[in-house]
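Novice: This is input-v9.cif, which holds mmCIF, C-alpha atoms; chains and numbers go by the auth columns:
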```cif
data_start
#
loop_
_atom_site.group_PDB
_atom_site.id
_atom_site.type_symbol
_atom_site.label_atom_id
_atom_site.label_comp_id
_atom_site.label_asym_id
_atom_site.label_seq_id
_atom_site.Cartn_x
_atom_site.Cartn_y
_atom_site.Cartn_z
_atom_site.B_iso_or_equiv
_atom_site.auth_seq_id
_atom_site.auth_asym_id
ATOM 1 C CA MET A 1 -3.328 23.127 -28.667 0.00 1 H
ATOM 2 C CA ILE A 2 -4.985 25.438 -26.112 0.00 2 H
ATOM 3 C CA PHE A 3 -8.359 24.849 -27.774 0.00 3 H
ATOM 4 C CA PHE A 4 -7.808 21.080 -27.599 0.00 4 H
ATOM 5 C CA VAL A 5 -6.946 21.245 -23.876 0.00 5 H
ATOM 6 C CA LYS A 6 -10.012 23.396 -23.160 0.00 6 H
ATOM 7 C CA ARG A 7 -12.217 21.054 -25.166 0.00 7 H
ATOM 8 C CA LEU A 8 -10.819 17.998 -23.381 0.00 8 H
ATOM 9 C CA THR A 9 -11.271 19.658 -19.979 0.00 9 H
ATOM 10 C CA ALA A 10 -14.880 20.508 -20.824 0.00 10 H
ATOM 11 C CA MET A 11 -15.545 16.909 -21.896 0.00 11 H
ATOM 12 C CA VAL A 12 -14.066 15.508 -18.692 0.00 12 H
ATOM 13 C CA ARG A 13 -16.098 17.931 -16.572 0.00 13 H
ATOM 14 C CA ALA A 14 -19.270 16.999 -18.434 0.00 14 H
ATOM 15 C CA TYR A 15 -18.517 13.287 -17.989 0.00 15 H
ATOM 16 C CA ALA A 16 -17.898 13.748 -14.245 0.00 16 H
ATOM 17 C CA HIS A 17 -20.907 16.011 -13.651 0.00 17 H
ATOM 18 C CA HIS A 18 -23.861 14.718 -11.650 0.00 18 H
ATOM 19 C CA ARG A 19 -26.622 16.521 -9.771 0.00 19 H
ATOM 20 C CA ASN A 20 -25.989 14.338 -6.692 0.00 20 H
ATOM 21 C CA PRO A 21 -22.864 15.780 -4.994 0.00 21 H
ATOM 22 C CA ARG A 22 -21.817 12.378 -3.609 0.00 22 H
ATOM 23 C CA VAL A 23 -21.985 10.823 -7.066 0.00 23 H
ATOM 24 C CA ALA A 24 -20.144 13.796 -8.544 0.00 24 H
ATOM 25 C CA ALA A 25 -17.451 13.334 -5.889 0.00 25 H
ATOM 26 C CA ALA A 26 -17.116 9.641 -6.763 0.00 26 H
ATOM 27 C CA ASN A 27 -16.790 10.581 -10.435 0.00 27 H
ATOM 28 C CA VAL A 28 -14.073 13.143 -9.737 0.00 28 H
ATOM 29 C CA ILE A 29 -12.104 10.767 -7.497 0.00 29 H
ATOM 30 C CA SER A 30 -12.342 7.906 -9.997 0.00 30 H
ATOM 31 C CA LEU A 31 -11.117 10.058 -12.886 0.00 31 H
ATOM 32 C CA LEU A 32 -8.321 11.475 -10.743 0.00 32 H
ATOM 33 C CA VAL A 33 -7.117 7.971 -9.869 0.00 33 H
ATOM 34 C CA ALA A 34 -7.357 6.826 -13.485 0.00 34 H
ATOM 35 C CA SER A 35 -5.467 9.876 -14.742 0.00 35 H
ATOM 36 C CA ASN A 36 -2.650 9.235 -12.266 0.00 36 H
ATOM 37 C CA GLN A 37 -2.227 5.539 -13.057 0.00 37 H
ATOM 38 C CA PRO A 38 -0.088 6.130 -16.187 0.00 38 H
ATOM 39 C CA PHE A 39 2.439 7.980 -14.013 0.00 39 H
ATOM 40 C CA TYR A 40 2.933 5.105 -11.562 0.00 40 H
ATOM 41 C CA PRO A 41 5.486 3.251 -13.748 0.00 41 H
ATOM 42 C CA LEU A 42 7.387 6.532 -14.127 0.00 42 H
ATOM 43 C CA TYR A 43 7.436 7.067 -10.350 0.00 43 H
ATOM 44 C CA LEU A 44 8.740 3.528 -9.932 0.00 44 H
ATOM 45 C CA PHE A 45 11.441 4.095 -12.527 0.00 45 H
ATOM 46 C CA TRP A 46 12.588 7.399 -10.999 0.00 46 H
ATOM 47 C CA LEU A 47 12.339 6.493 -7.324 0.00 47 H
ATOM 48 C CA VAL A 48 12.663 2.724 -7.010 0.00 48 H
ATOM 49 C CA SER A 49 14.068 0.642 -9.857 0.00 49 H
ATOM 50 C CA ALA A 50 14.406 0.368 -13.617 0.00 50 H
ATOM 51 C CA ASP A 51 12.439 -2.903 -13.368 0.00 51 H
ATOM 52 C CA ILE A 52 8.858 -1.670 -13.741 0.00 52 H
ATOM 53 C CA THR A 53 7.395 -4.771 -15.408 0.00 53 H
ATOM 54 C CA ALA A 54 4.925 -5.421 -12.597 0.00 54 H
ATOM 55 C CA ALA A 55 3.534 -1.894 -12.805 0.00 55 H
ATOM 56 C CA TRP A 56 1.990 -2.479 -16.220 0.00 56 H
ATOM 57 C CA PHE A 57 -0.464 -4.981 -14.742 0.00 57 H
ATOM 58 C CA THR A 58 -1.987 -2.245 -12.567 0.00 58 H
ATOM 59 C CA PHE A 59 -3.559 -0.812 -15.738 0.00 59 H
ATOM 60 C CA LEU A 60 -6.042 -3.704 -15.592 0.00 60 H
ATOM 61 C CA SER A 61 -8.043 -1.602 -13.120 0.00 61 H
ATOM 62 C CA THR A 62 -8.036 1.590 -15.204 0.00 62 H
ATOM 63 C CA PRO A 63 -11.209 0.772 -17.223 0.00 63 H
ATOM 64 C CA PHE A 64 -13.127 0.213 -13.983 0.00 64 H
ATOM 65 C CA PHE A 65 -12.137 3.615 -12.592 0.00 65 H
ATOM 66 C CA LEU A 66 -12.953 5.286 -15.913 0.00 66 H
ATOM 67 C CA SER A 67 -16.381 3.626 -16.051 0.00 67 H
ATOM 68 C CA VAL A 68 -17.578 4.908 -12.650 0.00 68 H
ATOM 69 C CA PRO A 69 -19.382 7.997 -14.085 0.00 69 H
ATOM 70 C CA ALA A 70 -21.011 5.907 -16.830 0.00 70 H
ATOM 71 C CA VAL A 71 -22.242 3.296 -14.341 0.00 71 H
ATOM 72 C CA ALA A 72 -23.444 6.038 -11.984 0.00 72 H
ATOM 73 C CA ARG A 73 -25.656 7.484 -14.734 0.00 73 H
ATOM 74 C CA ARG A 74 -27.543 4.190 -14.844 0.00 74 H
ATOM 75 C CA ASN A 75 -27.479 3.448 -11.121 0.00 75 H
ATOM 76 C CA ASP A 76 -25.882 5.944 -8.756 0.00 76 H
ATOM 77 C CA VAL A 77 -25.454 3.425 -5.905 0.00 77 H
ATOM 78 C CA ALA A 78 -23.681 0.974 -8.204 0.00 78 H
ATOM 79 C CA GLY A 79 -21.486 3.740 -9.591 0.00 79 H
ATOM 80 C CA ARG A 80 -20.457 4.899 -6.143 0.00 80 H
ATOM 81 C CA ALA A 81 -19.840 1.326 -4.989 0.00 81 H
ATOM 82 C CA LEU A 82 -17.688 0.607 -8.044 0.00 82 H
ATOM 83 C CA LEU A 83 -15.096 3.190 -6.965 0.00 83 H
ATOM 84 C CA PRO A 84 -14.024 1.598 -3.640 0.00 84 H
ATOM 85 C CA LEU A 85 -14.444 -1.883 -5.144 0.00 85 H
ATOM 86 C CA ALA A 86 -12.068 -1.006 -7.990 0.00 86 H
ATOM 87 C CA GLY A 87 -9.660 0.479 -5.459 0.00 87 H
ATOM 88 C CA ILE A 88 -9.751 -2.606 -3.243 0.00 88 H
ATOM 89 C CA CYS A 89 -9.232 -4.947 -6.199 0.00 89 H
ATOM 90 C CA ASN A 90 -6.372 -2.813 -7.521 0.00 90 H
ATOM 91 C CA THR A 91 -4.760 -2.863 -4.079 0.00 91 H
ATOM 92 C CA VAL A 92 -5.021 -6.652 -3.871 0.00 92 H
ATOM 93 C CA LEU A 93 -3.510 -6.967 -7.344 0.00 93 H
ATOM 94 C CA SER A 94 -0.696 -4.577 -6.434 0.00 94 H
ATOM 95 C CA ALA A 95 0.018 -6.419 -3.182 0.00 95 H
ATOM 96 C CA TRP A 96 0.398 -9.621 -5.175 0.00 96 H
ATOM 97 C CA LEU A 97 2.565 -7.902 -7.786 0.00 97 H
ATOM 98 C CA PHE A 98 4.866 -5.984 -5.433 0.00 98 H
ATOM 99 C CA GLY A 99 4.556 -7.835 -2.125 0.00 99 H
ATOM 100 C CA THR A 100 3.377 -6.534 1.224 0.00 100 H
ATOM 101 C CA ALA A 101 6.830 -5.055 1.891 0.00 101 H
ATOM 102 C CA SER A 102 5.857 -2.354 -0.619 0.00 102 H
ATOM 103 C CA ALA A 103 3.242 -1.076 1.883 0.00 103 H
ATOM 104 C CA VAL A 104 0.768 -0.871 -1.015 0.00 104 H
ATOM 105 C CA GLU A 105 -1.951 -2.216 1.288 0.00 105 H
ATOM 106 C CA ILE A 106 -2.077 1.277 2.813 0.00 106 H
ATOM 107 C CA PHE A 107 -4.395 2.146 -0.087 0.00 107 H
ATOM 108 C CA LEU A 108 -7.074 0.091 1.656 0.00 108 H
ATOM 109 C CA VAL A 109 -7.381 3.026 4.090 0.00 109 H
ATOM 110 C CA PRO A 110 -8.577 5.597 1.494 0.00 110 H
ATOM 111 C CA CYS A 111 -10.748 2.858 -0.032 0.00 111 H
ATOM 112 C CA GLY A 112 -12.503 2.416 3.307 0.00 112 H
ATOM 113 C CA VAL A 113 -12.746 6.169 3.903 0.00 113 H
ATOM 114 C CA ILE A 114 -14.210 6.718 0.436 0.00 114 H
ATOM 115 C CA ALA A 115 -16.755 3.948 0.994 0.00 115 H
ATOM 116 C CA LEU A 116 -17.884 5.505 4.273 0.00 116 H
ATOM 117 C CA LEU A 117 -18.223 9.002 2.799 0.00 117 H
ATOM 118 C CA LEU A 118 -19.965 8.208 -0.484 0.00 118 H
ATOM 119 C CA PHE A 119 -23.242 6.901 0.891 0.00 119 H
ATOM 120 C CA ARG A 120 -26.169 8.555 2.673 0.00 120 H
ATOM 121 C CA PRO A 121 -27.216 7.417 6.173 0.00 121 H
ATOM 122 C CA ARG A 122 -30.020 5.311 4.694 0.00 122 H
ATOM 123 C CA GLU A 123 -27.419 3.582 2.495 0.00 123 H
ATOM 124 C CA ARG A 124 -25.117 2.873 5.436 0.00 124 H
ATOM 125 C CA VAL A 125 -25.317 -0.896 4.959 0.00 125 H
ATOM 126 C CA VAL A 126 -23.555 -0.541 1.597 0.00 126 H
ATOM 127 C CA ALA A 127 -20.928 1.788 3.069 0.00 127 H
ATOM 128 C CA LEU A 128 -20.212 -0.500 6.015 0.00 128 H
ATOM 129 C CA ALA A 129 -20.064 -3.588 3.800 0.00 129 H
ATOM 130 C CA LEU A 130 -17.485 -1.973 1.504 0.00 130 H
ATOM 131 C CA ALA A 131 -15.422 -0.664 4.427 0.00 131 H
ATOM 132 C CA ALA A 132 -15.559 -4.126 6.044 0.00 132 H
ATOM 133 C CA LEU A 133 -14.385 -5.635 2.763 0.00 133 H
ATOM 134 C CA ALA A 134 -11.355 -3.328 2.717 0.00 134 H
ATOM 135 C CA PHE A 135 -10.553 -4.272 6.326 0.00 135 H
ATOM 136 C CA GLY A 136 -11.226 -7.963 5.721 0.00 136 H
ATOM 137 C CA VAL A 137 -8.976 -8.074 2.668 0.00 137 H
ATOM 138 C CA PHE A 138 -6.064 -6.888 4.796 0.00 138 H
ATOM 139 C CA LEU A 139 -6.778 -9.373 7.584 0.00 139 H
ATOM 140 C CA LEU A 140 -7.308 -12.379 5.314 0.00 140 H
ATOM 141 C CA LEU A 141 -4.824 -11.807 2.507 0.00 141 H
ATOM 142 C CA HIS A 142 -1.883 -9.996 4.090 0.00 142 H
ATOM 143 C CA ASP A 143 0.108 -13.208 4.628 0.00 143 H
ATOM 144 C CA ALA A 144 -1.361 -15.142 1.704 0.00 144 H
ATOM 145 C CA TYR A 145 0.119 -13.495 -1.393 0.00 145 H
ATOM 146 C CA GLY A 146 3.247 -15.597 -1.660 0.00 146 H
ATOM 147 C CA LEU A 147 6.270 -14.418 -3.623 0.00 147 H
ATOM 148 C CA PRO A 148 5.674 -11.162 -5.512 0.00 148 H
ATOM 149 C CA LEU A 149 6.245 -10.763 -9.232 0.00 149 H
ATOM 150 C CA ALA A 150 8.548 -7.792 -8.572 0.00 150 H
ATOM 151 C CA ARG A 151 11.640 -8.487 -6.489 0.00 151 H
ATOM 152 C CA TYR A 152 13.510 -5.536 -4.998 0.00 152 H
ATOM 153 C CA ASP A 153 16.235 -5.134 -2.405 0.00 153 H
ATOM 154 C CA ALA A 154 15.638 -3.572 1.014 0.00 154 H
ATOM 155 C CA ALA A 155 16.495 -0.024 -0.061 0.00 155 H
ATOM 156 C CA GLN A 156 14.242 -0.244 -3.110 0.00 156 H
ATOM 157 C CA TYR A 157 11.377 -1.605 -1.023 0.00 157 H
ATOM 158 C CA ALA A 158 11.851 1.253 1.438 0.00 158 H
ATOM 159 C CA ALA A 159 11.596 3.742 -1.443 0.00 159 H
ATOM 160 C CA LEU A 160 8.516 1.977 -2.814 0.00 160 H
ATOM 161 C CA ALA A 161 6.899 1.978 0.630 0.00 161 H
ATOM 162 C CA ARG A 162 7.521 5.732 0.936 0.00 162 H
ATOM 163 C CA LEU A 163 5.987 6.287 -2.499 0.00 163 H
ATOM 164 C CA ASN A 164 2.870 4.307 -1.615 0.00 164 H
ATOM 165 C CA LEU A 165 2.490 5.900 1.815 0.00 165 H
ATOM 166 C CA VAL A 166 2.762 9.416 0.411 0.00 166 H
ATOM 167 C CA SER A 167 0.375 8.604 -2.444 0.00 167 H
ATOM 168 C CA ALA A 168 -2.227 7.106 -0.109 0.00 168 H
ATOM 169 C CA CYS A 169 -1.968 10.094 2.247 0.00 169 H
ATOM 170 C CA VAL A 170 -2.368 12.562 -0.623 0.00 170 H
ATOM 171 C CA LEU A 171 -5.403 10.672 -1.929 0.00 171 H
ATOM 172 C CA THR A 172 -6.984 10.580 1.540 0.00 172 H
ATOM 173 C CA ALA A 173 -6.339 14.301 2.011 0.00 173 H
ATOM 174 C CA PHE A 174 -7.867 15.090 -1.390 0.00 174 H
ATOM 175 C CA VAL A 175 -10.976 13.062 -0.553 0.00 175 H
ATOM 176 C CA THR A 176 -11.469 14.738 2.814 0.00 176 H
ATOM 177 C CA ILE A 177 -10.996 18.223 1.313 0.00 177 H
ATOM 178 C CA LEU A 178 -13.486 17.364 -1.427 0.00 178 H
ATOM 179 C CA PHE A 179 -16.112 16.256 1.096 0.00 179 H
ATOM 180 C CA SER A 180 -15.372 19.231 3.325 0.00 180 H
ATOM 181 C CA GLY A 181 -16.349 21.410 0.375 0.00 181 H
ATOM 182 C CA ILE A 182 -19.554 19.426 -0.134 0.00 182 H
ATOM 183 C CA LEU A 183 -20.433 19.835 3.540 0.00 183 H
ATOM 184 C CA ALA A 184 -19.730 23.587 3.394 0.00 184 H
ATOM 185 C CA GLU A 185 -22.021 23.973 0.364 0.00 185 H
ATOM 186 C CA ALA A 186 -24.777 22.044 2.153 0.00 186 H
ATOM 187 C CA GLU A 187 -24.419 24.290 5.204 0.00 187 H
ATOM 188 C CA GLN A 188 -24.580 27.434 3.055 0.00 188 H
ATOM 189 C CA SER A 189 -27.723 26.146 1.328 0.00 189 H
ATOM 190 C CA ALA A 190 -29.321 25.356 4.690 0.00 190 H
ATOM 191 C CA ASP A 191 -28.423 28.821 6.030 0.00 191 H
ATOM 192 C CA ALA A 192 -29.853 30.490 2.923 0.00 192 H
ATOM 193 C CA ALA A 193 -33.074 28.505 3.248 0.00 193 H
ATOM 194 C CA ARG A 194 -33.424 29.492 6.908 0.00 194 H
ATOM 195 C CA ARG A 195 -32.840 33.166 6.092 0.00 195 H
ATOM 196 C CA GLU A 196 -35.382 33.034 3.286 0.00 196 H
ATOM 197 C CA LYS A 197 -37.932 31.382 5.584 0.00 197 H
ATOM 198 C CA ALA A 198 -37.271 33.903 8.379 0.00 198 H
ATOM 199 C CA GLY A 199 -37.520 36.844 6.001 0.00 199 H
#
```
Have the structure of the file written as structure tokens, please.
Specialist:
Amino acid sequence: MIFFVKRLTAMVRAYAHHRNPRVAAANVISLLVASNQPFYPLYLFWLVSADITAAWFTFLSTPFFLSVPAVARRNDVAGRALLPLAGICNTVLSAWLFGTASAVEIFLVPCGVIALLLFRPRERVVALALAALAFGVFLLLHDAYGLPLARYDAAQYAALARLNLVSACVLTAFVTILFSGILAEAEQSADAARREKAG
């Protein structure tokens, strides 16, 4: 069992690895999101309601998150762009499934943050377009979803909103910590290069 876990961990690390730290970050985030999706129905069952039918439809986005590293190997811009696009589409689907009272649209915030962080300054047009899409989706669709597939009472919706708010905050925090580490490594490399040049 321990050997299997180690082998699986090594395979996941190899799949997520990329020499470009921004692409590697996108790969890690995408696999983290995909690995957490199976737990969402359980969270709903424990914290909100025994009716978790709508949650199964969120698995439609799982293949897109899982394919980010594979796409990035062929085209790193497309791979990075796929991550926030999959997140935005999953958020739209979830808003339709659960209704805006679930506060699931809060996930558009980490989608926008991820889009802005994943691209270099010369790729800023892509980053801004994806962030604008996340913002535009909220503005244009917030009042257009109609009746949700899942119907909960006020207390259940409050619990679901708390779940989504906490989840979105944790994801945003993870992303910022990840990029803080990338920035620190870049600074250390720059300092080492300056010391080598001075010496």
Novice: Residues picked by the PyMOL selection byres ((chain H and resi 103) around 8) here, as a list of chain:residue names?
Specialist: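 Checking the PyMOL selection byres ((chain H and resi 103) around 8) against this file, the residues are H:Gly99, H:Thr100, H:Ala101, H:Ser102, H:Val104, H:Glu105, H:Ile106, H:Leu160, H:Ala161, H:Asn164, H:Leu165.
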Novice: Restricting it to C-alpha atoms, dump the selection as an mmCIF file, in the frame of the given file.
Specialist:
```cif
data_model
loop_
_atom_site.group_PDB
_atom_site.id
_atom_site.type_symbol
_atom_site.label_atom_id
_atom_site.label_comp_id
_atom_site.auth_asym_id
_atom_site.auth_seq_id
_atom_site.Cartn_x
_atom_site.Cartn_y
_atom_site.Cartn_z
ATOM 1 C CA GLY H 99 4.556 -7.835 -2.125
ATOM 2 C CA THR H 100 3.377 -6.534 1.224
ATOM 3 C CA ALA H 101 6.830 -5.055 1.891
ATOM 4 C CA SER H 102 5.857 -2.354 -0.619
ATOM 5 C CA VAL H 104 0.768 -0.871 -1.015
ATOM 6 C CA GLU H 105 -1.951 -2.216 1.288
ATOM 7 C CA ILE H 106 -2.077 1.277 2.813
ATOM 8 C CA LEU H 160 8.516 1.977 -2.814
ATOM 9 C CA ALA H 161 6.899 1.978 0.630
ATOM 10 C CA ASN H 164 2.870 4.307 -1.615
ATOM 11 C CA LEU H 165 2.490 5.900 1.815
#
```
Novice: With all atoms listed in the file as the basis for distance, which of H:Ala184, H:Val71, H:Ala54, H:Val166 is at the shortest distance from Leu93 in chain H?
Specialist: H:Ala54
Novice: Which residue out of H:Asn36, H:Asn90, H:Ala132, H:Arg22 has the minimum interatomic distance to Gly181 in chain H when all atoms listed in the file are used?
Specialist: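 Using all atoms listed in the file, the shortest distance to Gly181 in chain H belongs to H:Arg22.
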Novice: For the structure shown, which residues end up in the PyMOL selection byres ((chain H and resi 171-173) around 9)? Put them as a list in words, please?
Specialist: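 For this structure, the PyMOL selection byres ((chain H and resi 171-173) around 9) captures Ile29, Val33, Phe107, Val109, Pro110, Cys111, Val113, Ile114, Val166, Ser167, Ala168, Cys169, Val170, Phe174, Val175, Thr176, Ile177 and Leu178 of chain H.
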Novice: Selected by the PyMOL selection byres ((chain H and resi 118) around 8) in the shown coordinates: which residues, as a PDB file with C-alpha atoms, in the frame of the given file?
Specialist:
```
ATOM      1  CA  ARG H  22     -21.817  12.378  -3.609  1.00  0.00           C
ATOM      2  CA  VAL H  23     -21.985  10.823  -7.066  1.00  0.00           C
ATOM      3  CA  ALA H  25     -17.451  13.334  -5.889  1.00  0.00           C
ATOM      4  CA  ALA H  26     -17.116   9.641  -6.763  1.00  0.00           C
ATOM      5  CA  ARG H  80     -20.457   4.899  -6.143  1.00  0.00           C
ATOM      6  CA  ILE H 114     -14.210   6.718   0.436  1.00  0.00           C
ATOM      7  CA  ALA H 115     -16.755   3.948   0.994  1.00  0.00           C
ATOM      8  CA  LEU H 116     -17.884   5.505   4.273  1.00  0.00           C
ATOM      9  CA  LEU H 117     -18.223   9.002   2.799  1.00  0.00           C
ATOM     10  CA  PHE H 119     -23.242   6.901   0.891  1.00  0.00           C
ATOM     11  CA  ARG H 120     -26.169   8.555   2.673  1.00  0.00           C
ATOM     12  CA  ALA H 127     -20.928   1.788   3.069  1.00  0.00           C
TER      13      ALA H 127
END
```
Novice: Which distance in Å separates CA of Val12 in chain H and CA of Gln37 in chain H, to one decimal?
Specialist: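 A separation of 16.5 Å between them.
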Novice: Can you work out which one of H:Tyr43, H:Ala24, H:Ala159, H:Leu147 has the shortest atom-to-atom distance to Ala70 in chain H, counting only C-alpha atoms?
Specialist: H:Ala24
Novice: Nearest to Thr9 in chain H: which of H:Leu31, H:Ala198, H:Ala155, H:Leu130 is it, counting all atoms listed in the file?
Specialist: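 That would be H:Leu31, the residue with the smallest distance to Thr9 in chain H.
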Novice: List as a PyMOL selection string the protein and nucleic acid residues near Leu97 in chain H, meaning an atom at most 6 Å away when only C-alpha atoms are counted, but skip any in the same chain fewer than 3 places from it.
Specialist: chain H and resi 54+94+148-149
Novice: What would range 2-20 of chain H look like with N, CA and C atoms in place, written as a compact mmCIF listing (two decimals), keeping the file's coordinate frame?
Specialist:
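The resulting file, selection15.txt, is reproduced below:
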```txt
# COMPACT_ATOMS: atom_id res chain seq x y z
N ILE H 2 -4.21 24.91 -27.24
CA ILE H 2 -4.99 25.44 -26.11
C ILE H 2 -6.46 25.09 -26.26
N PHE H 3 -6.96 25.20 -27.51
CA PHE H 3 -8.36 24.85 -27.77
C PHE H 3 -8.61 23.38 -27.46
N PHE H 4 -7.66 22.52 -27.85
CA PHE H 4 -7.81 21.08 -27.60
C PHE H 4 -7.86 20.79 -26.10
N VAL H 5 -6.98 21.44 -25.33
CA VAL H 5 -6.95 21.24 -23.88
C VAL H 5 -8.26 21.71 -23.25
N LYS H 6 -8.75 22.88 -23.70
CA LYS H 6 -10.01 23.40 -23.16
C LYS H 6 -11.17 22.46 -23.50
N ARG H 7 -11.16 21.97 -24.73
CA ARG H 7 -12.22 21.05 -25.17
C ARG H 7 -12.18 19.76 -24.36
N LEU H 8 -10.98 19.23 -24.16
CA LEU H 8 -10.82 18.00 -23.38
C LEU H 8 -11.26 18.20 -21.94
N THR H 9 -10.88 19.34 -21.35
CA THR H 9 -11.27 19.66 -19.98
C THR H 9 -12.78 19.74 -19.85
N ALA H 10 -13.42 20.38 -20.84
CA ALA H 10 -14.88 20.51 -20.82
C ALA H 10 -15.55 19.14 -20.93
N MET H 11 -14.99 18.26 -21.74
CA MET H 11 -15.54 16.91 -21.90
C MET H 11 -15.42 16.12 -20.61
N VAL H 12 -14.28 16.22 -19.95
CA VAL H 12 -14.07 15.51 -18.69
C VAL H 12 -15.02 16.02 -17.62
N ARG H 13 -15.18 17.35 -17.55
CA ARG H 13 -16.10 17.93 -16.57
C ARG H 13 -17.53 17.48 -16.82
N ALA H 14 -17.92 17.44 -18.09
CA ALA H 14 -19.27 17.00 -18.43
C ALA H 14 -19.46 15.53 -18.07
N TYR H 15 -18.44 14.72 -18.31
CA TYR H 15 -18.52 13.29 -17.99
C TYR H 15 -18.61 13.07 -16.48
N ALA H 16 -17.92 13.90 -15.70
CA ALA H 16 -17.90 13.75 -14.24
C ALA H 16 -19.12 14.37 -13.58
N HIS H 17 -19.81 15.27 -14.28
CA HIS H 17 -20.91 16.01 -13.65
C HIS H 17 -22.06 15.10 -13.26
N HIS H 18 -22.65 15.40 -12.10
CA HIS H 18 -23.86 14.72 -11.65
C HIS H 18 -24.55 15.64 -10.67
N ARG H 19 -25.87 15.63 -10.67
CA ARG H 19 -26.62 16.52 -9.77
C ARG H 19 -26.49 16.12 -8.31
N ASN H 20 -26.22 14.82 -8.06
CA ASN H 20 -25.99 14.34 -6.69
C ASN H 20 -24.53 14.61 -6.34
```
